[in-house]
file upload-v2.cif (mmCIF, C-alpha atoms)
data_run
#
loop_
_atom_site.label_atom_id
_atom_site.label_comp_id
_atom_site.auth_asym_id
_atom_site.auth_seq_id
_atom_site.Cartn_x
_atom_site.Cartn_y
_atom_site.Cartn_z
CA MET A 1 -3.94 8.55 -2.69
CA ASP A 2 -2.98 6.80 -5.87
CA ARG A 3 -4.81 3.44 -5.76
CA ARG A 4 -2.50 1.82 -8.28
CA ALA A 5 0.55 2.75 -6.21
CA LEU A 6 -1.19 1.45 -3.09
CA SER A 7 -2.08 -1.91 -4.59
CA ALA A 8 1.42 -2.25 -6.05
CA ALA A 9 2.97 -1.41 -2.68
CA PHE A 10 0.89 -3.77 -0.56
CA PRO A 11 2.46 -7.12 -1.60
CA VAL A 12 5.93 -5.64 -1.15
CA THR A 13 5.12 -4.70 2.45
CA ILE A 14 3.72 -8.07 3.57
CA PRO A 15 6.94 -9.12 5.38
CA VAL A 16 6.83 -5.83 7.28
CA LEU A 17 3.13 -6.40 8.00
CA MET A 18 3.94 -9.68 9.75
CA GLY A 19 6.92 -8.24 11.58
CA TYR A 20 5.30 -4.99 12.68
CA LEU A 21 2.13 -6.67 13.89
CA ALA A 22 4.20 -9.02 16.07
CA ILE A 23 6.81 -6.56 17.36
CA GLY A 24 4.16 -3.84 17.71
CA MET A 25 1.98 -6.18 19.77
CA ALA A 26 4.90 -7.00 22.09
CA PHE A 27 5.41 -3.25 22.49
CA GLY A 28 1.73 -2.69 23.32
CA ILE A 29 1.78 -5.50 25.89
CA MET A 30 4.96 -4.15 27.52
CA LEU A 31 3.52 -0.65 27.66
CA GLU A 32 0.28 -1.92 29.19
CA ALA A 33 2.31 -3.86 31.78
CA ALA A 34 4.13 -0.63 32.63
CA GLY A 35 0.76 1.04 33.34
CA TYR A 36 0.02 2.82 30.05
CA ASN A 37 -2.98 1.61 28.05
CA PHE A 38 -3.54 1.25 24.28
CA ILE A 39 -4.30 4.96 23.83
CA TRP A 40 -0.73 5.72 24.90
CA ALA A 41 0.50 2.97 22.58
CA PHE A 42 -1.44 4.57 19.72
CA PHE A 43 0.03 8.02 20.26
CA MET A 44 3.57 6.74 20.74
CA SER A 45 3.39 4.73 17.52
CA LEU A 46 1.83 7.68 15.70
CA THR A 47 4.33 10.32 16.81
CA ILE A 48 7.61 8.49 17.57
CA TYR A 49 7.42 5.51 15.20
CA ALA A 50 10.68 3.75 15.99
CA GLY A 51 10.79 0.09 17.05
CA SER A 52 13.78 -0.08 19.35
CA GLY A 53 13.26 3.55 20.39
CA GLN A 54 9.75 2.79 21.64
CA TYR A 55 10.88 -0.38 23.43
CA LEU A 56 13.42 1.75 25.23
CA GLY A 57 10.69 4.36 25.77
CA VAL A 58 8.69 1.85 27.81
CA SER A 59 11.56 1.41 30.25
CA LEU A 60 12.15 5.17 30.33
CA LEU A 61 8.49 5.79 31.21
CA ALA A 62 8.48 2.95 33.75
CA SER A 63 11.62 4.25 35.46
CA CYS A 64 10.32 7.87 35.54
CA ALA A 65 13.43 9.09 33.71
CA THR A 66 14.02 12.84 33.51
CA LEU A 67 13.44 14.60 30.17
CA GLY A 68 17.19 15.05 29.74
CA THR A 69 17.77 11.32 30.11
CA VAL A 70 14.89 10.62 27.73
CA ALA A 71 16.38 12.93 25.10
CA LEU A 72 19.88 11.50 25.45
CA MET A 73 18.81 7.85 25.37
CA THR A 74 16.57 8.43 22.37
CA LEU A 75 19.41 10.19 20.60
CA ILE A 76 21.84 7.35 21.28
CA ILE A 77 19.50 4.57 20.24
CA ASN A 78 18.41 6.35 17.05
CA PHE A 79 21.87 7.46 16.03
CA ARG A 80 21.96 4.94 13.22
CA HIS A 81 19.15 6.80 11.41
CA LEU A 82 21.76 9.32 10.31
CA VAL A 83 23.18 6.63 8.06
CA TYR A 84 19.82 5.83 6.50
CA GLY A 85 19.18 9.44 5.61
CA LEU A 86 22.53 9.69 3.86
CA SER A 87 21.56 6.98 1.41
CA MET A 88 18.05 8.38 0.77
CA LEU A 89 19.10 11.90 -0.18
CA GLU A 90 18.71 11.20 -3.89
CA LYS A 91 15.59 9.09 -3.66
CA PHE A 92 13.49 11.62 -1.75
CA ARG A 93 14.31 14.57 -4.01
CA GLY A 94 11.30 16.11 -5.69
CA MET A 95 8.70 14.52 -3.40
CA GLY A 96 7.34 17.89 -2.26
CA TRP A 97 5.34 17.93 0.96
CA ARG A 98 5.48 14.14 1.20
CA LYS A 99 9.23 14.31 1.65
CA LEU A 100 8.77 15.35 5.29
CA TYR A 101 6.66 12.27 5.93
CA MET A 102 9.17 10.05 4.12
CA ILE A 103 11.91 11.36 6.42
CA PHE A 104 9.75 11.01 9.54
CA SER A 105 8.81 7.43 8.66
CA LEU A 106 12.27 6.18 7.72
CA THR A 107 12.42 3.18 10.06
CA ASP A 108 14.86 0.29 9.59
CA GLU A 109 12.25 -1.76 7.74
CA THR A 110 10.98 1.02 5.48
CA TYR A 111 14.59 1.88 4.72
CA ALA A 112 15.27 -1.75 3.82
CA LEU A 113 12.24 -1.83 1.49
CA LEU A 114 12.94 1.51 -0.15
CA SER A 115 16.53 0.63 -0.86
CA SER A 116 15.68 -2.73 -2.42
CA VAL A 117 12.41 -2.38 -4.40
CA GLN A 118 11.59 -0.93 -7.81
CA ALA A 119 8.23 0.57 -8.72
CA PRO A 120 6.41 -1.62 -11.27
CA VAL A 121 6.05 -0.29 -14.80
CA GLY A 122 3.21 2.24 -15.04
CA VAL A 123 3.29 3.16 -11.36
CA ASN A 124 4.66 6.53 -10.28
CA PRO A 125 7.76 5.72 -8.15
CA ARG A 126 7.14 8.58 -5.73
CA ASN A 127 3.56 7.51 -5.08
CA PHE A 128 4.84 3.97 -4.70
CA TYR A 129 7.46 4.95 -2.06
CA PHE A 130 4.90 7.05 -0.21
CA ALA A 131 2.42 4.16 -0.18
CA ILE A 132 5.06 1.81 1.25
CA ALA A 133 5.91 4.26 4.03
CA LEU A 134 2.25 4.85 4.85
CA LEU A 135 1.33 1.15 4.89
CA ASP A 136 4.29 0.30 7.12
CA GLN A 137 3.33 2.85 9.75
CA SER A 138 -0.30 1.76 9.72
CA TYR A 139 0.82 -1.84 10.49
CA TRP A 140 2.97 -0.59 13.35
CA ILE A 141 0.14 1.45 14.88
CA LEU A 142 -2.32 -1.42 14.46
CA GLY A 143 0.04 -3.93 16.09
CA SER A 144 0.78 -1.74 19.09
CA VAL A 145 -2.90 -0.96 19.71
CA ILE A 146 -3.83 -4.65 19.46
CA GLY A 147 -1.01 -5.43 21.92
CA GLY A 148 -2.20 -2.78 24.36
CA LEU A 149 -5.76 -4.12 24.24
CA ALA A 150 -4.63 -7.75 24.54
CA GLY A 151 -2.36 -6.91 27.45
CA ALA A 152 -5.30 -5.37 29.30
CA VAL A 153 -7.79 -8.15 28.56
CA LEU A 154 -5.78 -11.36 28.69
CA PRO A 155 -4.76 -12.58 32.13
CA ILE A 156 -1.15 -13.29 31.10
CA ASP A 157 1.88 -12.99 33.34
CA THR A 158 4.15 -10.67 31.36
CA THR A 159 7.20 -11.06 33.61
CA GLY A 160 10.23 -11.32 31.35
CA ILE A 161 8.59 -9.93 28.18
CA ASP A 162 11.07 -7.05 28.27
CA PHE A 163 13.63 -9.59 27.06
CA ALA A 164 12.13 -8.95 23.59
CA MET A 165 14.22 -5.78 23.45
CA THR A 166 17.45 -7.67 24.22
CA ALA A 167 16.51 -10.32 21.65
CA LEU A 168 15.86 -7.62 19.03
CA PHE A 169 19.33 -6.14 19.51
CA VAL A 170 20.98 -9.58 19.52
CA VAL A 171 19.28 -10.37 16.21
CA ILE A 172 20.52 -7.11 14.68
CA ALA A 173 24.01 -7.80 16.04
CA VAL A 174 24.13 -11.30 14.55
CA GLY A 175 23.13 -9.88 11.17
CA GLN A 176 25.81 -7.19 11.41
CA TRP A 177 28.41 -9.71 12.57
CA GLU A 178 27.80 -11.77 9.44
CA SER A 179 27.79 -8.86 7.00
CA TYR A 180 30.55 -6.55 8.26
CA GLY A 181 34.12 -6.95 7.16
CA SER A 182 35.56 -6.02 10.52
CA HIS A 183 34.27 -7.24 13.89
CA LEU A 184 36.31 -4.64 15.70
CA PRO A 185 33.49 -2.06 16.09
CA ALA A 186 31.13 -4.64 17.66
CA LEU A 187 33.80 -5.94 20.04
CA LEU A 188 34.72 -2.37 20.89
CA GLY A 189 31.06 -1.68 21.71
CA VAL A 190 30.96 -4.58 24.17
CA GLY A 191 34.33 -3.73 25.75
CA ALA A 192 33.67 0.00 26.10
CA THR A 193 30.24 -0.56 27.66
CA LEU A 194 31.53 -3.13 30.15
CA LEU A 195 34.31 -0.74 31.11
CA SER A 196 31.79 2.06 31.54
CA LEU A 197 29.55 -0.23 33.62
CA ILE A 198 32.45 -0.98 35.98
CA LEU A 199 33.54 2.67 36.16
CA VAL A 200 30.24 4.54 36.56
CA GLY A 201 27.69 1.83 37.41
CA GLN A 202 24.32 0.81 35.97
CA GLU A 203 22.53 4.13 35.90
CA ASN A 204 24.60 6.41 33.69
CA LEU A 205 26.72 4.03 31.67
CA LEU A 206 25.63 4.92 28.13
CA LEU A 207 27.18 8.34 27.65
CA PRO A 208 30.70 7.39 28.83
CA ALA A 209 30.45 4.20 26.77
CA LEU A 210 29.51 6.18 23.65
CA GLY A 211 32.36 8.59 24.32
CA ILE A 212 34.92 5.79 24.54
CA ILE A 213 33.52 4.17 21.38
CA ILE A 214 33.75 7.35 19.30
CA VAL A 215 37.25 8.22 20.53
CA VAL A 216 38.57 4.71 19.82
CA LEU A 217 36.86 4.57 16.42
CA LEU A 218 38.46 7.88 15.46
CA ALA A 219 41.83 6.57 16.62
CA LEU A 220 41.36 3.38 14.60
CA ARG A 221 40.23 5.23 11.50
CA PRO A 222 43.40 4.78 9.42
CA ARG A 223 43.30 1.06 10.10
CA LEU A 224 39.55 0.47 9.73
CA GLU A 225 39.16 2.72 6.72
CA ALA A 226 41.87 0.82 4.88
CA THR A 227 39.93 -2.42 5.25
CA ALA A 228 36.44 -0.91 5.14
CA ASP A 229 36.67 0.37 1.58
CA ALA A 230 37.28 -3.13 0.35
CA GLN A 231 34.69 -4.55 2.71
CA ALA A 232 31.69 -2.27 2.60
CA PRO A 233 28.83 -3.99 4.47
CA LYS A 234 27.38 -6.63 2.25
CA ASP A 235 24.22 -8.54 2.90
CA PRO A 236 24.78 -12.30 2.79
CA ARG A 237 21.10 -13.20 2.96
CA PRO A 238 19.07 -14.21 -0.07
CA GLU A 239 17.20 -11.43 -1.84
CA GLU A 240 13.73 -12.29 -0.57
CA GLU A 241 14.69 -12.08 3.09
CA LYS A 242 16.29 -8.69 2.92
CA GLU A 243 13.20 -6.62 3.51
CA ASP A 244 12.28 -7.92 6.94
CA SER A 245 15.10 -6.67 9.10
CA LEU A 246 13.32 -5.80 12.29
CA CYS A 247 14.81 -3.06 14.33
CA MET B 1 4.52 6.62 37.99
CA LEU B 2 4.66 9.80 35.94
CA THR B 3 1.64 12.10 35.74
CA PRO B 4 -0.10 12.00 32.33
CA LEU B 5 1.37 15.41 31.53
CA GLN B 6 4.91 14.27 32.36
CA ALA B 7 4.43 11.10 30.31
CA ALA B 8 3.12 13.13 27.37
CA ALA B 9 6.14 15.44 27.66
CA ALA B 10 8.51 12.44 27.65
CA ILE B 11 6.78 11.04 24.55
CA ALA B 12 6.98 14.44 22.84
CA VAL B 13 10.73 14.56 23.55
CA MET B 14 11.18 11.02 22.18
CA ALA B 15 9.22 11.96 19.04
CA GLY B 16 11.17 15.20 18.57
CA VAL B 17 14.60 13.64 19.04
CA THR B 18 13.76 10.64 16.83
CA PHE B 19 12.62 12.96 14.05
CA LEU B 20 15.77 15.04 14.51
CA THR B 21 17.99 11.98 13.98
CA ARG B 22 16.09 11.24 10.78
CA ILE B 23 16.06 14.73 9.30
CA LEU B 24 19.61 15.74 10.25
CA PRO B 25 21.36 14.19 7.23
CA PHE B 26 18.86 15.97 4.94
CA LEU B 27 19.45 19.30 6.69
CA LEU B 28 23.22 18.93 6.55
CA PHE B 29 23.92 17.19 3.26
CA ASP B 30 20.91 17.56 0.96
CA ARG B 31 22.67 19.44 -1.79
CA LYS B 32 25.05 18.51 -4.52
CA GLY B 33 28.32 16.98 -3.40
CA ASN B 34 29.13 14.16 -1.03
CA PRO B 35 29.15 14.30 2.78
CA PRO B 36 32.60 14.51 4.40
CA ARG B 37 34.53 11.24 4.51
CA LEU B 38 34.66 11.34 8.31
CA VAL B 39 30.85 11.30 8.44
CA LEU B 40 30.67 8.41 6.02
CA TYR B 41 33.29 6.53 8.05
CA LEU B 42 31.41 6.98 11.34
CA GLY B 43 28.15 6.11 9.61
CA ARG B 44 29.69 2.80 8.62
CA VAL B 45 31.48 1.77 11.83
CA LEU B 46 29.19 3.20 14.52
CA PRO B 47 26.06 1.03 14.03
CA PRO B 48 27.62 -2.32 15.09
CA ALA B 49 29.36 -0.64 18.05
CA ILE B 50 26.11 1.00 19.19
CA ILE B 51 24.07 -2.20 18.90
CA ALA B 52 26.72 -4.07 20.92
CA MET B 53 26.58 -1.28 23.50
CA LEU B 54 22.79 -1.58 23.72
CA ILE B 55 22.98 -5.34 24.28
CA VAL B 56 25.30 -4.82 27.25
CA TYR B 57 22.99 -2.03 28.41
CA CYS B 58 19.97 -4.36 28.30
CA LEU B 59 21.89 -6.93 30.36
CA ARG B 60 23.30 -4.44 32.87
CA THR B 61 21.15 -5.73 35.76
CA VAL B 62 22.44 -9.30 35.45
CA SER B 63 23.66 -10.41 38.87
CA PHE B 64 25.94 -13.26 39.83
CA ALA B 65 24.52 -13.66 43.33
CA GLY B 66 22.30 -16.63 42.42
CA LEU B 67 21.59 -18.82 39.40
CA GLU B 68 18.36 -16.95 38.61
CA GLY B 69 20.33 -13.71 38.16
CA TRP B 70 22.43 -14.79 35.20
CA LEU B 71 21.50 -18.22 33.84
CA PRO B 72 18.10 -17.30 32.25
CA PRO B 73 19.47 -14.31 30.28
CA LEU B 74 22.56 -16.30 29.26
CA LEU B 75 20.54 -19.29 28.02
CA ALA B 76 18.02 -17.05 26.25
CA VAL B 77 20.74 -15.04 24.47
CA ILE B 78 22.42 -18.28 23.36
CA LEU B 79 19.06 -19.50 22.01
CA VAL B 80 18.48 -16.24 20.10
CA VAL B 81 21.95 -16.36 18.54
CA GLY B 82 21.57 -20.06 17.68
CA LEU B 83 18.09 -19.64 16.18
CA HIS B 84 19.20 -16.66 14.17
CA LEU B 85 22.34 -18.27 12.78
CA TRP B 86 20.23 -21.29 11.88
CA LYS B 87 17.10 -19.79 10.30
CA HIS B 88 17.78 -16.07 9.84
CA ASN B 89 14.17 -15.43 10.72
CA ASN B 90 13.82 -12.30 12.89
CA LEU B 91 10.43 -13.17 14.29
CA LEU B 92 11.38 -16.74 15.17
CA SER B 93 14.58 -15.60 16.89
CA ILE B 94 12.98 -12.74 18.85
CA PHE B 95 9.83 -14.55 19.92
CA GLY B 96 11.50 -17.92 20.49
CA GLY B 97 14.06 -16.29 22.76
CA THR B 98 11.54 -14.13 24.60
CA ILE B 99 9.06 -16.93 25.27
CA PHE B 100 11.89 -19.19 26.42
CA TYR B 101 13.11 -16.44 28.76
CA MET B 102 9.60 -15.87 30.14
CA VAL B 103 9.25 -19.58 30.88
CA LEU B 104 12.67 -19.61 32.57
CA VAL B 105 11.89 -16.69 34.88
CA GLN B 106 8.26 -17.58 35.56
CA ALA B 107 8.08 -21.35 35.77
CA VAL B 108 11.50 -22.56 36.95
CA ASP B 109 12.24 -22.87 40.67
CA TRP B 110 15.85 -21.69 40.58
CA GLN B 111 16.42 -22.32 44.28
CA ALA B 112 15.58 -25.98 43.72
CA VAL B 113 17.83 -26.12 40.64
CA GLN B 114 20.68 -24.60 42.63
CA ASP B 115 20.19 -27.06 45.51
CA ALA B 116 20.08 -30.00 43.11
CA ALA B 117 23.24 -28.78 41.36
CA LEU B 118 25.04 -28.43 44.70
CA ILE B 119 24.07 -31.96 45.73
CA PHE B 120 25.03 -33.32 42.31
CA PHE B 121 28.47 -31.72 42.30
CA SER B 122 29.39 -32.51 45.92
#

call {"tool": "encode", "arguments": {"input": "upload-v2.cif", "output": "structure tokens"}}
result
Amino acid sequence: MDRRALSAAFPVTIPVLMGYLAIGMAFGIMLEAAGYNFIWAFFMSLTIYAGSGQYLGVSLLASCATLGTVALMTLIINFRHLVYGLSMLEKFRGMGWRKLYMIFSLTDETYALLSSVQAPVGVNPRNFYFAIALLDQSYWILGSVIGGLAGAVLPIDTTGIDFAMTALFVVIAVGQWESYGSHLPALLGVGATLLSLILVGQENLLLPALGIIIVVLLALRPRLEATADAQAPKDPRPEEEKEDSLC
Amino acid sequence: MLTPLQAAAAIAVMAGVTFLTRILPFLLFDRKGNPPRLVLYLGRVLPPAIIAMLIVYCLRTVSFAGLEGWLPPLLAVILVVGLHLWKHNNLLSIFGGTIFYMVLVQAVDWQAVQDAALIFFS
């Protein structure tokens, strides 16, 4: 490991450190409450490494979901990663064996950092990117293990802590609402899911909802594409806040 | 409760599928030339629709049978939106909303609130 790259990367990752410790701890506590201790938290954070995906994973484990459901739900919730990869194609070229790790560790936060920071003069950019990715995951693992341990030791009533997942999505939605030119996709998401809830009920609502969303988005393409080119998502927040988008 | 082996299998599936969603664009488009416009279009308009879908999914068990079934999530969501529009601080919004929700569902006697509201409005 390149020490210079590591020490240049650390200050950049401090917002993610705060965020991942906190969100990771909430994950560890939720997982412990669902009957899986910190060792499970450690392995989930090591192998899955996705904030909202792991939150959803807790409820999948707790509800004894079948492997098919697990695969489908994980696919749906992580769909947005496809977009991140598209904008990192150039950046990850020439990283050799580390490229696989960069792809594996491309969470929302690491994506936000990688797309906004520059390596300082004299530091190899590839080592710098790799150090950022590695530091971020170590914070996530640390937070979730601390949460798992705390959940087991502290006599706290965790009823209602699963609301953290709802809150996380609401926060992402508010950010998107402010930065997207068209609110139609978000409204469509709400409408399609409510319709699906009424039609098929609580248990299997996601797949029909996703189907409706994609069909309607394809139908609206001429209209949305006309406005979207002029209104590519812009980020209204000040520069220093951009890196800690937790999702 | 799942057996440890079943739980490990579920985690392996989550890890595999998550990695797949991350590596797919590199497998499909990592060469010279741009991805098809349709892919770029969906990549731009799908994320807000999916997040909205997941919010409704999280709230799917809300019930309108009694106050405790819908008022705590409603108030907590309003607080999260308000906090976030105000401060734009992810941690404040998420933890403020969650702690508020936990207090609402743990410490408030909703039957008493409902009775008081009925007396007040009649």

call {"tool": "axis_aligned_box", "arguments": {"input": "upload-v2.cif", "around": "segment 211-214 of chain A", "padding_each_side": "5 Å", "output": "JSON"}}
result
{"center_x": 33.6, "center_y": 6.4, "center_z": 21.9, "size_x": 12.6, "size_y": 14.4, "size_z": 15.2}

call {"tool": "residues_near_point", "arguments": {"input": "upload-v2.cif", "point": "(-3.5, 2.4, 24.8)", "cutoff": "8 Å", "atoms": "all atoms listed in the file", "output": "list in words"}}
result
Gly28, Glu32, Tyr36, Asn37, Phe38, Ile39, Trp40, Ala41, Phe42, Val145, Gly148 and Leu149 of chain A

call {"tool": "write_last_selection", "arguments": {"input": "upload-v2.cif", "atoms": "C-alpha atoms", "output": "mmCIF file, in the frame of the given file"}}
result
data_model
loop_
_atom_site.group_PDB
_atom_site.id
_atom_site.type_symbol
_atom_site.label_atom_id
_atom_site.label_comp_id
_atom_site.auth_asym_id
_atom_site.auth_seq_id
_atom_site.Cartn_x
_atom_site.Cartn_y
_atom_site.Cartn_z
ATOM 1 C CA GLY A 28 1.730 -2.690 23.320
ATOM 2 C CA GLU A 32 0.280 -1.920 29.190
ATOM 3 C CA TYR A 36 0.020 2.820 30.050
ATOM 4 C CA ASN A 37 -2.980 1.610 28.050
ATOM 5 C CA PHE A 38 -3.540 1.250 24.280
ATOM 6 C CA ILE A 39 -4.300 4.960 23.830
ATOM 7 C CA TRP A 40 -0.730 5.720 24.900
ATOM 8 C CA ALA A 41 0.500 2.970 22.580
ATOM 9 C CA PHE A 42 -1.440 4.570 19.720
ATOM 10 C CA VAL A 145 -2.900 -0.960 19.710
ATOM 11 C CA GLY A 148 -2.200 -2.780 24.360
ATOM 12 C CA LEU A 149 -5.760 -4.120 24.240
#

call {"tool": "resolve_selection", "arguments": {"input": "upload-v2.cif", "expression": "the PyMOL selection byres ((chain B and resi 93-105) around 10)", "output": "PyMOL selection string"}}
result
(chain A and resi 22-23+26+157-171+246) or (chain B and resi 68-69+71-92+106-110)

call {"tool": "closest_atom_pairs", "arguments": {"input": "upload-v2.cif", "of": "segment 6-124 of chain A", "to": "segment 50-66 of chain B", "cutoff": "10 Å", "atoms": "all atoms listed in the file", "output": "tab-separated table"}}
result
residue	atom	partner	partner_atom	distance
A:Leu56	CA	B:Cys58	CA	9.5
A:Ile76	CA	B:Ile50	CA	7.9
A:Ile77	CA	B:Ile50	CA	7.6
A:Asn78	CA	B:Ile50	CA	9.6
A:Phe79	CA	B:Ile50	CA	8.3
A:Arg80	CA	B:Ile50	CA	8.3

call {"tool": "atom_distance", "arguments": {"input": "upload-v2.cif", "atom1": "atom CA of Leu106 of chain A", "atom2": "atom CA of His183 of chain A"}}
result
26.5 Å

call {"tool": "resolve_selection", "arguments": {"input": "upload-v2.cif", "expression": "the PyMOL selection byres ((chain A and resi 186-192) around 6)", "output": "list of chain:residue names"}}
result
A:His183, A:Leu184, A:Pro185, A:Thr193, A:Leu194, A:Leu195, A:Ala209, B:Pro48, B:Ala49, B:Ala52, B:Met53

call {"tool": "write_last_selection", "arguments": {"input": "upload-v2.cif", "atoms": "C-alpha atoms", "output": "PDB file, in the frame of the given file"}}
result
ATOM      1  CA  HIS A 183      34.270  -7.240  13.890  1.00  0.00           C
ATOM      2  CA  LEU A 184      36.310  -4.640  15.700  1.00  0.00           C
ATOM      3  CA  PRO A 185      33.490  -2.060  16.090  1.00  0.00           C
ATOM      4  CA  THR A 193      30.240  -0.560  27.660  1.00  0.00           C
ATOM      5  CA  LEU A 194      31.530  -3.130  30.150  1.00  0.00           C
ATOM      6  CA  LEU A 195      34.310  -0.740  31.110  1.00  0.00           C
ATOM      7  CA  ALA A 209      30.450   4.200  26.770  1.00  0.00           C
TER       8      ALA A 209
ATOM      9  CA  PRO B  48      27.620  -2.320  15.090  1.00  0.00           C
ATOM     10  CA  ALA B  49      29.360  -0.640  18.050  1.00  0.00           C
ATOM     11  CA  ALA B  52      26.720  -4.070  20.920  1.00  0.00           C
ATOM     12  CA  MET B  53      26.580  -1.280  23.500  1.00  0.00           C
TER      13      MET B  53
END

call {"tool": "closest_residue", "arguments": {"input": "upload-v2.cif", "among": "A:Val70, A:Met88, A:Leu17, A:Val83", "to": "Tyr41 of chain B", "atoms": "only C-alpha atoms"}}
result
A:Val83

call {"tool": "resolve_selection", "arguments": {"input": "upload-v2.cif", "expression": "the PyMOL selection byres ((chain B and resi 9-23) around 9)", "output": "ChimeraX atom specification"}}
result
/A:43-44,47-50,53-54,57,60-61,65-68,70-75,78-85,100,103-107 /B:4-8,24-28

call {"tool": "decode", "arguments": {"input": "upload-v2.cif", "residues": "segment 51-65 of chain B", "atoms": "N, CA and C atoms", "output": "compact mmCIF listing (two decimals), in the first residue's frame"}}
result
# COMPACT_ATOMS: atom_id res chain seq x y z
N ILE B 51 -36.31 4.85 -6.07
CA ILE B 51 -36.28 5.30 -4.67
C ILE B 51 -37.70 5.58 -4.17
N ALA B 52 -38.52 6.22 -5.02
CA ALA B 52 -39.92 6.47 -4.63
C ALA B 52 -40.64 5.15 -4.38
N MET B 53 -40.38 4.18 -5.25
CA MET B 53 -40.98 2.85 -5.09
C MET B 53 -40.58 2.23 -3.75
N LEU B 54 -39.30 2.37 -3.40
CA LEU B 54 -38.82 1.76 -2.16
C LEU B 54 -39.41 2.44 -0.92
N ILE B 55 -39.67 3.74 -1.01
CA ILE B 55 -40.31 4.42 0.12
C ILE B 55 -41.71 3.84 0.35
N VAL B 56 -42.47 3.71 -0.73
CA VAL B 56 -43.81 3.12 -0.60
C VAL B 56 -43.69 1.69 -0.07
N TYR B 57 -42.68 0.96 -0.57
CA TYR B 57 -42.47 -0.41 -0.11
C TYR B 57 -42.22 -0.46 1.40
N CYS B 58 -41.37 0.45 1.88
CA CYS B 58 -41.07 0.50 3.32
C CYS B 58 -42.33 0.79 4.13
N LEU B 59 -43.27 1.53 3.56
CA LEU B 59 -44.46 1.96 4.30
C LEU B 59 -45.66 1.07 3.99
N ARG B 60 -45.41 -0.10 3.37
CA ARG B 60 -46.54 -0.90 2.89
C ARG B 60 -47.39 -1.46 4.03
N THR B 61 -46.84 -1.57 5.24
CA THR B 61 -47.61 -2.17 6.34
C THR B 61 -48.40 -1.13 7.13
N VAL B 62 -48.33 0.13 6.70
CA VAL B 62 -49.12 1.17 7.37
C VAL B 62 -50.59 0.77 7.35
N SER B 63 -51.25 0.89 8.51
CA SER B 63 -52.67 0.54 8.56
C SER B 63 -53.48 1.72 9.07
N PHE B 64 -54.72 1.80 8.60
CA PHE B 64 -55.56 2.93 8.99
C PHE B 64 -56.61 2.52 10.03
N ALA B 65 -56.34 1.37 10.67
CA ALA B 65 -57.31 0.87 11.66
C ALA B 65 -57.28 1.72 12.93
